[in-house]
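Undergrad: Here you go, query16.txt (compact mmCIF, C-alpha atoms):
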```txt
# COMPACT_ATOMS: atom_id res chain seq x y z
CA MET A 1 -22.33 15.86 12.96
CA ARG A 2 -20.49 12.54 12.64
CA LYS A 3 -16.73 12.61 12.35
CA LEU A 4 -14.25 10.57 10.31
CA VAL A 5 -10.53 11.18 10.94
CA ILE A 6 -7.71 10.04 8.66
CA LEU A 7 -4.25 9.93 10.23
CA GLY A 8 -1.53 10.36 7.61
CA ALA A 9 -1.63 12.13 4.25
CA GLY A 10 0.77 9.92 2.33
CA THR A 11 -0.39 7.77 -0.57
CA ALA A 12 -2.96 5.70 1.34
CA GLY A 13 -4.42 8.53 3.42
CA THR A 14 -4.72 10.92 0.47
CA VAL A 15 -6.40 8.29 -1.71
CA MET A 16 -8.93 7.50 1.03
CA LEU A 17 -9.73 11.19 1.53
CA ASN A 18 -10.37 11.59 -2.20
CA LYS A 19 -12.59 8.51 -2.31
CA LEU A 20 -14.69 9.33 0.75
CA HIS A 21 -14.98 13.13 0.60
CA PRO A 22 -17.27 13.25 -2.49
CA VAL A 23 -19.71 10.59 -1.27
CA LEU A 24 -20.27 11.37 2.41
CA ASN A 25 -23.06 13.88 2.99
CA LYS A 26 -21.49 17.21 4.04
CA ASP A 27 -24.47 17.96 6.28
CA GLU A 28 -23.90 14.74 8.22
CA TRP A 29 -20.15 14.12 8.06
CA ASN A 30 -16.97 16.01 8.82
CA ILE A 31 -13.77 14.42 7.42
CA THR A 32 -10.43 15.54 8.85
CA ILE A 33 -7.01 14.50 7.58
CA VAL A 34 -3.91 14.95 9.76
CA ASP A 35 -0.25 15.06 8.79
CA GLN A 36 2.85 16.62 10.27
CA ASP A 37 3.99 18.55 7.19
CA GLU A 38 2.77 20.09 3.95
CA THR A 39 4.93 18.15 1.45
CA HIS A 40 3.93 14.99 -0.38
CA TYR A 41 6.78 12.72 -1.51
CA TYR A 42 6.66 10.30 -4.40
CA GLN A 43 8.66 7.67 -2.55
CA PRO A 44 9.29 5.26 -5.48
CA GLY A 45 11.22 8.13 -7.07
CA PHE A 46 13.83 8.18 -4.29
CA LEU A 47 15.45 5.14 -5.96
CA PHE A 48 16.31 7.20 -9.05
CA ILE A 49 17.86 10.20 -7.29
CA PRO A 50 21.28 8.62 -6.53
CA PHE A 51 21.81 7.99 -10.25
CA GLY A 52 20.78 11.46 -11.42
CA ILE A 53 17.62 10.18 -13.15
CA TYR A 54 15.27 12.19 -10.91
CA SER A 55 15.89 15.39 -9.00
CA LYS A 56 14.45 16.46 -5.67
CA ASN A 57 11.76 18.48 -7.46
CA ASP A 58 10.58 15.38 -9.33
CA VAL A 59 9.50 13.66 -6.12
CA MET A 60 8.00 16.53 -4.10
CA LYS A 61 4.73 18.45 -4.40
CA PRO A 62 2.49 20.36 -1.96
CA ARG A 63 0.07 17.97 -0.24
CA ARG A 64 -2.84 20.34 -0.62
CA ASP A 65 -2.62 20.09 -4.41
CA PHE A 66 -4.14 16.62 -4.01
CA PHE A 67 -6.81 17.29 -1.41
CA PRO A 68 -10.43 17.86 -2.51
CA PRO A 69 -11.74 21.44 -2.14
CA GLY A 70 -13.07 22.10 1.33
CA ALA A 71 -11.18 19.26 3.02
CA ASP A 72 -10.49 19.80 6.71
CA VAL A 73 -6.68 19.62 7.00
CA VAL A 74 -4.74 19.67 10.28
CA VAL A 75 -0.95 20.03 10.20
CA SER A 76 0.43 18.54 13.40
CA GLN A 77 2.30 15.56 14.77
CA ILE A 78 0.15 12.96 16.49
CA GLU A 79 0.69 12.46 20.20
CA ARG A 80 -1.45 9.32 20.53
CA ILE A 81 -4.74 7.64 19.78
CA GLU A 82 -7.05 6.88 22.69
CA PRO A 83 -9.36 4.27 21.12
CA GLN A 84 -11.42 3.70 24.26
CA GLN A 85 -12.39 7.40 24.23
CA ASN A 86 -12.68 7.58 20.41
CA HIS A 87 -10.35 10.53 20.05
CA VAL A 88 -6.86 11.48 18.85
CA LEU A 89 -4.53 13.76 20.80
CA LEU A 90 -2.28 15.98 18.68
CA MET A 91 1.10 17.48 19.54
CA ASN A 92 -0.38 20.97 18.98
CA GLY A 93 -2.66 20.41 21.96
CA LYS A 94 -5.85 19.74 20.02
CA THR A 95 -8.11 16.74 20.52
CA LEU A 96 -9.93 15.22 17.53
CA PRO A 97 -12.97 13.09 18.38
CA TYR A 98 -14.05 10.52 15.82
CA ASP A 99 -16.82 8.09 15.00
CA TYR A 100 -14.55 6.27 12.55
CA LEU A 101 -10.79 6.39 12.30
CA ILE A 102 -8.51 5.43 9.38
CA ILE A 103 -4.87 4.92 10.30
CA ALA A 104 -2.54 5.58 7.36
CA THR A 105 0.55 6.63 9.28
CA GLY A 106 2.96 4.62 7.12
CA ALA A 107 6.43 3.36 8.03
CA GLN A 108 9.76 5.08 8.53
CA ILE A 109 13.38 3.95 8.65
CA HIS A 110 15.16 3.66 12.00
CA PRO A 111 18.92 3.30 11.47
CA GLU A 112 19.48 3.89 15.18
CA GLU A 113 18.03 0.41 15.80
CA THR A 114 21.34 -1.08 14.57
CA GLU A 115 24.37 -0.48 16.78
CA GLY A 116 26.92 1.78 15.08
CA MET A 117 24.75 2.54 12.05
CA LYS A 118 24.44 6.26 12.76
CA ASP A 119 27.93 6.75 14.15
CA GLY A 120 30.79 8.47 12.32
CA LEU A 121 30.21 7.16 8.78
CA TRP A 122 26.50 8.01 8.48
CA HIS A 123 25.99 9.89 5.19
CA LYS A 124 29.74 9.74 4.61
CA ASN A 125 30.24 6.09 3.65
CA ILE A 126 26.90 4.75 4.90
CA PHE A 127 23.72 5.88 3.16
CA ASP A 128 20.03 5.09 2.83
CA PHE A 129 17.84 5.87 -0.18
CA TYR A 130 14.51 5.51 1.63
CA THR A 131 14.50 9.22 2.52
CA VAL A 132 15.00 12.14 0.17
CA GLU A 133 17.86 13.37 2.36
CA GLY A 134 19.63 10.02 2.17
CA ALA A 135 19.07 9.69 -1.58
CA LEU A 136 20.50 13.17 -2.23
CA ALA A 137 23.53 12.53 -0.03
CA LEU A 138 24.15 9.24 -1.83
CA ALA A 139 23.84 10.95 -5.23
CA ASN A 140 26.54 13.41 -4.25
CA PHE A 141 28.81 10.57 -3.05
CA LEU A 142 28.37 8.43 -6.19
CA LYS A 143 29.30 11.32 -8.51
CA TYR A 144 32.87 11.24 -7.22
CA TRP A 145 33.31 7.62 -6.09
CA GLU A 146 35.91 5.68 -8.07
CA GLY A 147 35.02 2.21 -6.90
CA GLY A 148 35.58 -0.32 -4.15
CA LYS A 149 33.39 -2.64 -2.11
CA LEU A 150 29.69 -1.73 -2.50
CA VAL A 151 27.47 -3.53 0.00
CA VAL A 152 23.67 -3.27 -0.06
CA ASN A 153 22.24 -4.60 3.20
CA VAL A 154 18.67 -5.13 4.38
CA SER A 155 18.64 -4.89 8.18
CA GLU A 156 15.41 -6.79 8.79
CA MET A 157 12.00 -7.46 7.27
CA PRO A 158 9.45 -6.15 6.59
CA ILE A 159 10.54 -3.14 4.54
CA LYS A 160 8.78 -0.72 2.24
CA CYS A 161 8.98 -1.93 -1.37
CA PRO A 162 10.87 -5.22 -0.91
CA VAL A 163 12.24 -5.13 -4.50
CA ALA A 164 13.87 -1.68 -4.08
CA PRO A 165 17.24 -3.04 -2.81
CA LEU A 166 17.49 -5.23 -5.91
CA GLU A 167 16.52 -2.33 -8.15
CA PHE A 168 19.25 -0.23 -6.57
CA LEU A 169 21.82 -2.92 -7.37
CA PHE A 170 20.64 -3.29 -10.97
CA LEU A 171 20.62 0.48 -11.55
CA ALA A 172 24.05 0.80 -9.92
CA ASP A 173 25.38 -1.91 -12.23
CA SER A 174 24.11 0.08 -15.22
CA TYR A 175 25.36 3.40 -13.78
CA PHE A 176 28.92 2.22 -13.17
CA THR A 177 29.03 0.43 -16.52
CA GLU A 178 28.12 3.68 -18.28
CA ARG A 179 30.79 5.49 -16.28
CA GLY A 180 33.34 2.89 -17.35
CA ILE A 181 34.25 1.78 -13.83
CA ARG A 182 32.05 -1.30 -13.35
CA ARG A 183 35.08 -3.59 -13.08
CA ASP A 184 36.30 -1.44 -10.18
CA VAL A 185 33.16 -2.02 -8.11
CA ASP A 186 32.66 -5.21 -6.10
CA PHE A 187 28.91 -5.68 -5.61
CA HIS A 188 27.53 -7.59 -2.61
CA PHE A 189 23.87 -7.98 -1.63
CA VAL A 190 23.45 -8.99 2.01
CA THR A 191 19.95 -9.92 3.17
CA PRO A 192 18.22 -11.67 6.09
CA LEU A 193 16.02 -13.53 3.59
CA PRO A 194 16.86 -17.06 2.40
CA GLY A 195 17.06 -15.70 -1.17
CA ALA A 196 16.97 -12.55 -3.23
CA PHE A 197 13.25 -11.85 -2.66
CA THR A 198 10.34 -12.74 -0.41
CA LYS A 199 8.57 -14.96 -3.00
CA PRO A 200 10.55 -18.14 -3.81
CA LYS A 201 9.80 -18.36 -7.57
CA ALA A 202 10.57 -14.70 -8.17
CA SER A 203 13.60 -15.07 -5.89
CA LEU A 204 15.06 -17.71 -8.21
CA ILE A 205 14.72 -15.47 -11.26
CA LEU A 206 16.04 -12.40 -9.47
CA GLY A 207 18.87 -14.47 -8.03
CA ASP A 208 19.82 -15.46 -11.58
CA PHE A 209 19.93 -11.75 -12.48
CA LEU A 210 22.32 -11.14 -9.60
CA GLU A 211 24.58 -13.94 -10.82
CA LYS A 212 24.53 -12.70 -14.43
CA LYS A 213 25.46 -9.21 -13.28
CA ASN A 214 28.28 -10.55 -11.08
CA ILE A 215 26.59 -9.45 -7.85
CA ARG A 216 27.45 -11.60 -4.87
CA LEU A 217 24.55 -12.71 -2.64
CA THR A 218 24.81 -13.46 1.06
CA SER A 219 21.48 -14.64 2.47
CA GLU A 220 20.25 -15.24 6.04
CA PHE A 221 22.52 -12.48 7.34
CA ASN A 222 21.03 -10.81 10.41
CA ILE A 223 22.98 -7.65 11.13
CA ALA A 224 23.99 -6.99 14.74
CA ARG A 225 26.21 -3.94 14.40
CA VAL A 226 28.33 -1.73 12.17
CA ASP A 227 32.06 -1.39 12.86
CA ASN A 228 32.76 2.14 11.61
CA GLU A 229 36.51 1.98 12.25
CA ASN A 230 37.05 -1.18 10.19
CA LYS A 231 34.16 -0.54 7.75
CA THR A 232 32.43 -3.86 8.28
CA ILE A 233 28.94 -5.05 9.09
CA ILE A 234 28.76 -7.90 11.57
CA SER A 235 25.96 -10.43 12.01
CA TRP A 236 24.69 -11.87 15.28
CA ASP A 237 26.65 -15.05 14.52
CA ASN A 238 29.83 -12.98 13.90
CA VAL A 239 29.96 -13.15 10.10
CA GLU A 240 31.77 -10.01 8.87
CA VAL A 241 31.23 -8.25 5.54
CA PRO A 242 33.64 -5.41 4.68
CA PHE A 243 32.54 -2.33 2.74
CA ASP A 244 33.82 0.90 1.28
CA LEU A 245 30.28 2.05 0.58
CA LEU A 246 27.35 0.67 2.56
CA VAL A 247 23.86 1.27 1.21
CA THR A 248 21.54 0.25 4.01
CA ILE A 249 17.84 -0.42 4.21
CA PRO A 250 17.50 0.11 7.95
CA THR A 251 14.81 -1.30 10.21
CA ASN A 252 11.37 -0.11 9.09
CA LYS A 253 8.88 0.69 11.84
CA GLY A 254 5.41 2.14 12.08
CA ASP A 255 4.88 5.64 13.41
CA ASP A 256 5.89 6.33 17.02
CA CYS A 257 2.34 7.51 17.77
CA ILE A 258 1.22 3.89 17.39
CA LYS A 259 3.65 2.86 20.13
CA ARG A 260 2.51 5.71 22.37
CA SER A 261 -1.07 4.55 21.80
CA GLY A 262 -0.29 0.97 22.78
CA MET A 263 -1.87 -0.25 19.54
CA GLY A 264 1.03 -1.82 17.65
CA ASP A 265 3.29 -4.86 17.55
CA GLU A 266 7.01 -4.73 18.34
CA LEU A 267 7.62 -2.72 15.13
CA ASN A 268 4.66 -0.37 15.71
CA PHE A 269 2.52 -1.93 12.95
CA VAL A 270 -1.18 -2.16 13.79
CA PRO A 271 -2.81 -5.62 13.99
CA THR A 272 -5.22 -5.65 11.05
CA ASP A 273 -7.73 -8.10 9.62
CA LYS A 274 -5.93 -9.24 6.46
CA GLN A 275 -9.13 -9.25 4.40
CA THR A 276 -11.43 -6.48 5.71
CA LEU A 277 -8.63 -4.08 6.81
CA ARG A 278 -10.46 -3.42 10.07
CA SER A 279 -8.58 -3.31 13.37
CA LEU A 280 -8.54 -6.62 15.17
CA GLU A 281 -9.42 -4.80 18.40
CA TYR A 282 -11.66 -1.86 17.54
CA GLU A 283 -14.65 -2.05 15.19
CA ASN A 284 -14.59 1.66 14.26
CA ILE A 285 -10.89 1.74 13.33
CA PHE A 286 -9.49 0.75 9.92
CA ILE A 287 -5.86 0.56 8.80
CA ILE A 288 -4.33 0.86 5.34
CA GLY A 289 -0.95 0.78 3.65
CA ASP A 290 2.37 0.49 5.42
CA ALA A 291 0.78 1.03 8.85
CA THR A 292 -0.78 -2.46 8.77
CA ASP A 293 0.83 -5.70 9.95
CA LEU A 294 -0.46 -7.55 6.88
CA PRO A 295 1.65 -10.26 5.21
CA SER A 296 1.30 -8.40 1.89
CA SER A 297 4.09 -6.18 0.55
CA LYS A 298 4.45 -2.66 1.92
CA ALA A 299 4.23 -1.14 -1.55
CA GLY A 300 2.27 1.65 -3.18
CA SER A 301 0.37 -0.78 -5.39
CA ALA A 302 -0.81 -2.72 -2.33
CA ALA A 303 -2.09 0.51 -0.75
CA HIS A 304 -3.88 1.36 -4.01
CA PHE A 305 -5.62 -2.03 -4.17
CA GLN A 306 -6.42 -1.87 -0.45
CA SER A 307 -8.09 1.53 -0.93
CA ASP A 308 -10.89 0.03 -3.04
CA ILE A 309 -11.53 -2.63 -0.41
CA LEU A 310 -11.36 -0.16 2.45
CA PHE A 311 -13.68 2.30 0.76
CA ALA A 312 -16.31 -0.42 0.36
CA ASN A 313 -15.93 -1.62 3.95
CA VAL A 314 -15.95 1.84 5.52
CA MET A 315 -19.17 2.63 3.67
CA SER A 316 -20.62 -0.70 4.83
CA ALA A 317 -19.65 0.02 8.44
CA ILE A 318 -21.18 3.50 8.29
CA GLU A 319 -24.42 2.01 6.97
CA SER A 320 -24.37 -0.84 9.54
CA ARG A 321 -23.96 -3.50 6.86
CA PRO A 322 -21.60 -6.53 6.97
CA LEU A 323 -18.09 -5.96 5.65
CA ARG A 324 -18.14 -8.04 2.49
CA ALA A 325 -15.18 -6.61 0.55
CA ARG A 326 -12.04 -8.73 0.85
CA PHE A 327 -8.41 -7.81 0.21
CA ASP A 328 -6.51 -10.75 -1.30
CA GLY A 329 -3.00 -9.35 -0.80
CA HIS A 330 -2.77 -8.20 -4.43
CA THR A 331 0.50 -6.41 -5.22
CA ASN A 332 2.39 -5.72 -8.40
CA CYS A 333 5.84 -4.21 -8.83
CA PHE A 334 7.86 -2.93 -11.74
CA ILE A 335 11.48 -3.84 -11.07
CA GLU A 336 14.14 -1.72 -12.76
CA SER A 337 16.80 -4.10 -14.10
CA GLY A 338 19.12 -1.47 -15.61
CA PHE A 339 20.05 -0.46 -19.14
CA GLY A 340 16.52 0.76 -19.90
CA LYS A 341 14.77 -2.51 -19.08
CA GLY A 342 12.53 -3.81 -16.31
CA ILE A 343 10.71 -6.80 -14.90
CA LEU A 344 7.08 -6.95 -13.71
CA ILE A 345 5.67 -9.21 -11.00
CA ASP A 346 2.02 -9.60 -9.95
CA PHE A 347 1.01 -11.69 -6.93
CA ASN A 348 -1.18 -11.94 -3.83
CA TYR A 349 -1.37 -13.76 -0.49
CA ASP A 350 -1.78 -17.20 -2.05
CA THR A 351 -0.34 -16.96 -5.58
CA GLU A 352 3.31 -16.38 -6.36
CA PRO A 353 4.40 -14.29 -9.37
CA LEU A 354 3.65 -16.12 -12.63
CA PRO A 355 4.70 -15.48 -16.24
CA GLY A 356 2.21 -14.03 -18.72
CA LYS A 357 0.88 -10.71 -20.00
CA PHE A 358 -0.50 -7.80 -17.97
CA PRO A 359 -2.99 -6.20 -17.64
CA LEU A 360 -4.69 -7.45 -20.84
CA PRO A 361 -4.51 -11.26 -21.28
CA GLY A 362 -2.33 -12.18 -24.24
CA VAL A 363 -1.83 -8.53 -25.17
CA GLY A 364 -0.06 -6.86 -22.28
CA PRO A 365 1.55 -4.51 -23.09
CA PHE A 366 3.61 -5.59 -20.08
CA SER A 367 5.28 -8.99 -19.67
CA LEU A 368 5.32 -10.77 -16.33
CA LEU A 369 8.58 -12.26 -15.03
CA GLU A 370 10.38 -11.13 -18.19
CA GLU A 371 12.93 -8.37 -18.72
CA THR A 372 11.62 -5.92 -21.34
CA LYS A 373 11.95 -2.28 -22.32
CA MET A 374 8.16 -1.88 -22.03
CA ASN A 375 8.32 -2.81 -18.34
CA HIS A 376 10.89 -0.05 -17.84
CA TYR A 377 8.60 2.43 -19.58
CA GLY A 378 5.77 1.29 -17.31
CA LYS A 379 7.88 2.12 -14.26
CA ILE A 380 8.72 5.57 -15.62
CA MET A 381 5.16 6.30 -16.74
CA PHE A 382 3.77 5.38 -13.34
CA ARG A 383 5.02 8.64 -11.81
CA TRP A 384 2.67 10.60 -14.09
CA MET A 385 -0.18 8.20 -13.28
CA TYR A 386 0.56 8.60 -9.58
CA TRP A 387 0.37 12.40 -9.53
CA ASN A 388 -2.57 12.70 -11.92
CA PHE A 389 -4.81 9.71 -11.18
CA LEU A 390 -3.88 7.44 -8.29
CA LEU A 391 -3.51 10.08 -5.57
CA LYS A 392 -6.79 11.67 -6.60
CA GLY A 393 -8.61 8.41 -5.94
CA GLN A 394 -9.55 7.87 -9.57
CA ASP A 395 -10.07 4.41 -10.98
CA LEU A 396 -7.18 2.78 -12.82
CA PRO A 397 -7.63 0.00 -15.40
CA ILE A 398 -6.35 -2.65 -12.99
CA GLU A 399 -8.55 -4.82 -10.80
CA SER A 400 -8.07 -4.67 -7.03
CA HIS A 401 -8.17 -8.46 -6.88
CA MET A 402 -5.46 -10.41 -8.64
CA GLN A 403 -6.63 -11.84 -11.96
CA MET A 404 -5.38 -15.17 -13.31
CA ALA A 405 -6.38 -14.38 -16.91
CA GLY A 406 -3.25 -13.96 -19.02
CA LYS A 407 -1.02 -15.82 -16.59
CA ARG A 408 0.73 -19.13 -17.28
CA LYS A 409 1.11 -21.67 -14.47
```
I'd like the structure from this file rewritten - as structure tokens, please.

TA:
Amino acid sequence: MRKLVILGAGTAGTVMLNKLHPVLNKDEWNITIVDQDETHYYQPGFLFIPFGIYSKNDVMKPRRDFFPPGADVVVSQIERIEPQQNHVLLMNGKTLPYDYLIIATGAQIHPEETEGMKDGLWHKNIFDFYTVEGALALANFLKYWEGGKLVVNVSEMPIKCPVAPLEFLFLADSYFTERGIRRDVDFHFVTPLPGAFTKPKASLILGDFLEKKNIRLTSEFNIARVDNENKTIISWDNVEVPFDLLVTIPTNKGDDCIKRSGMGDELNFVPTDKQTLRSLEYENIFIIGDATDLPSSKAGSAAHFQSDILFANVMSAIESRPLRARFDGHTNCFIESGFGKGILIDFNYDTEPLPGKFPLPGVGPFSLLEETKMNHYGKIMFRWMYWNFLLKGQDLPIESHMQMAGKRK
């Protein structure tokens, strides 16, 4: 019996299980998926919790609801991978041998990487929204906050969903406007990037949105520490930014098991072939989603597009065929811009976001690089698509490779 092991049952791992389980012969293959808990989180929904748009129950469901019948599920933390021996050691003492391994262990925030971040003000005046706990704590704070200096700071790149900090600012602008206290809130976006976003053309447009909404931008700010007593963040070159409320996107790192396995870079992301998604070191190991070190965005859409490529290449590897499927870095993101509107961007490794219509050329119904109500509805509707189609590995009417049809250069 040949064995395929999937590490991580988040978006990427669950999708791969649902794609591979129906097609691999049950008499020849055993597929095992490993995760440390039983709850699946819809992470894009965390953004909406601080503003009372979503509740905790909207973003949580039992993982097993999305596994195919008969799937071999192991609930345990991962001690380490031993790729030379082709097995995985679990914290529960078990050893899982494999013929092929898919690493989908994701990324997590590490506020402790920044000096002072988790000292006295953590979840009092300093919050994240990249965890459900942080988002809920921030929601409770915002309900009673009457204004002051609001700073949103990205500690370092890469981060999961690079547009999320901007979305938070836009939604906060709408939220405080509706509460009638917008003039009492001083907005400040502080980022290590040279602009508002990772892609220059989109950065210009999003930077204009910041200016229109009276949100100050400080770029190329590399945070060194947090001064809890004086409520300031301080860069390595001693630039100080004061805050009354700090919303932080802390350092994102791959799972600690990658470090213990000696398989990652300095942030525990696994070196991955940017096109085939195979490990650069081990031919029977593949990586998907946030666990990779790819130059594409760490976003759910990227993991979805990668899953089609990875499925094809895993099947090719199993059948001793060349890996012909190629991931082009395709990612698209709905960006909440507040007041019931949104922006959509679609890009890949080589092509920046362009204006046009998506996904049907000339028809849409979504508009690229434009602020529309339809784009907001697309963002909201995606949660239903996620639970009912994407996680189950079903095909969506969007090509894995970026299409130029409908785009204007």

Undergrad: Might you pull out every residue within 8 Å of range 162-170 of chain A, with only C-alpha atoms counted and same-chain residues fewer than 5 positions away left off, and present them as number ranges by chain?

TA: A: 47, 152-154, 187, 189, 196-198, 213, 249, 297-299, 333, 335-338

Undergrad: Using all atoms listed in the file for the distances, tell me which of A:Arg278, A:Lys231, A:Lys253, A:Lys143 is nearest to Gly116 in chain A.

TA: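 Smallest distance to Gly116 in chain A is found for A:Lys231.
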
Undergrad: Using only C-alpha atoms, pick whichever of A:Asn348, A:Thr14, A:Thr232, A:Asn140 has the shortest atom-to-atom distance to Thr105 in chain A.

TA: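 Looking at the shortest contact to Thr105 in chain A, the residue is A:Thr14.
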
Undergrad: Report, in Å to a single decimal, how far apart CA of Pro22 in chain A and CA of Pro44 in chain A are.

TA: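 Between CA of Pro44 in chain A and CA of Pro22 in chain A the gap works out to 27.9 Å.
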
Undergrad: Taking (30.6, -7.6, 8.8) in the file's own coordinates, collect the residues within 12 Å, counting only C-alpha atoms, and hand them back as a ChimeraX atom specification.

TA: /A:116,151,153,188,190,218,221-244,246

Undergrad: Using all atoms listed in the file, can you tell me which of A:Asp328, A:Glu352, A:Glu319, A:Asp58 comes closest to Leu277 in chain A?

TA: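 Among the listed residues, A:Asp328 lies closest to Leu277 in chain A.
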
Undergrad: Give me the residues near Ile102 in chain A as a ChimeraX atom specification, where near means some atom within 6 Å (using only C-alpha atoms) and where sequence neighbours in that chain fewer than 2 positions away do not count.

TA: /A:6,285-287
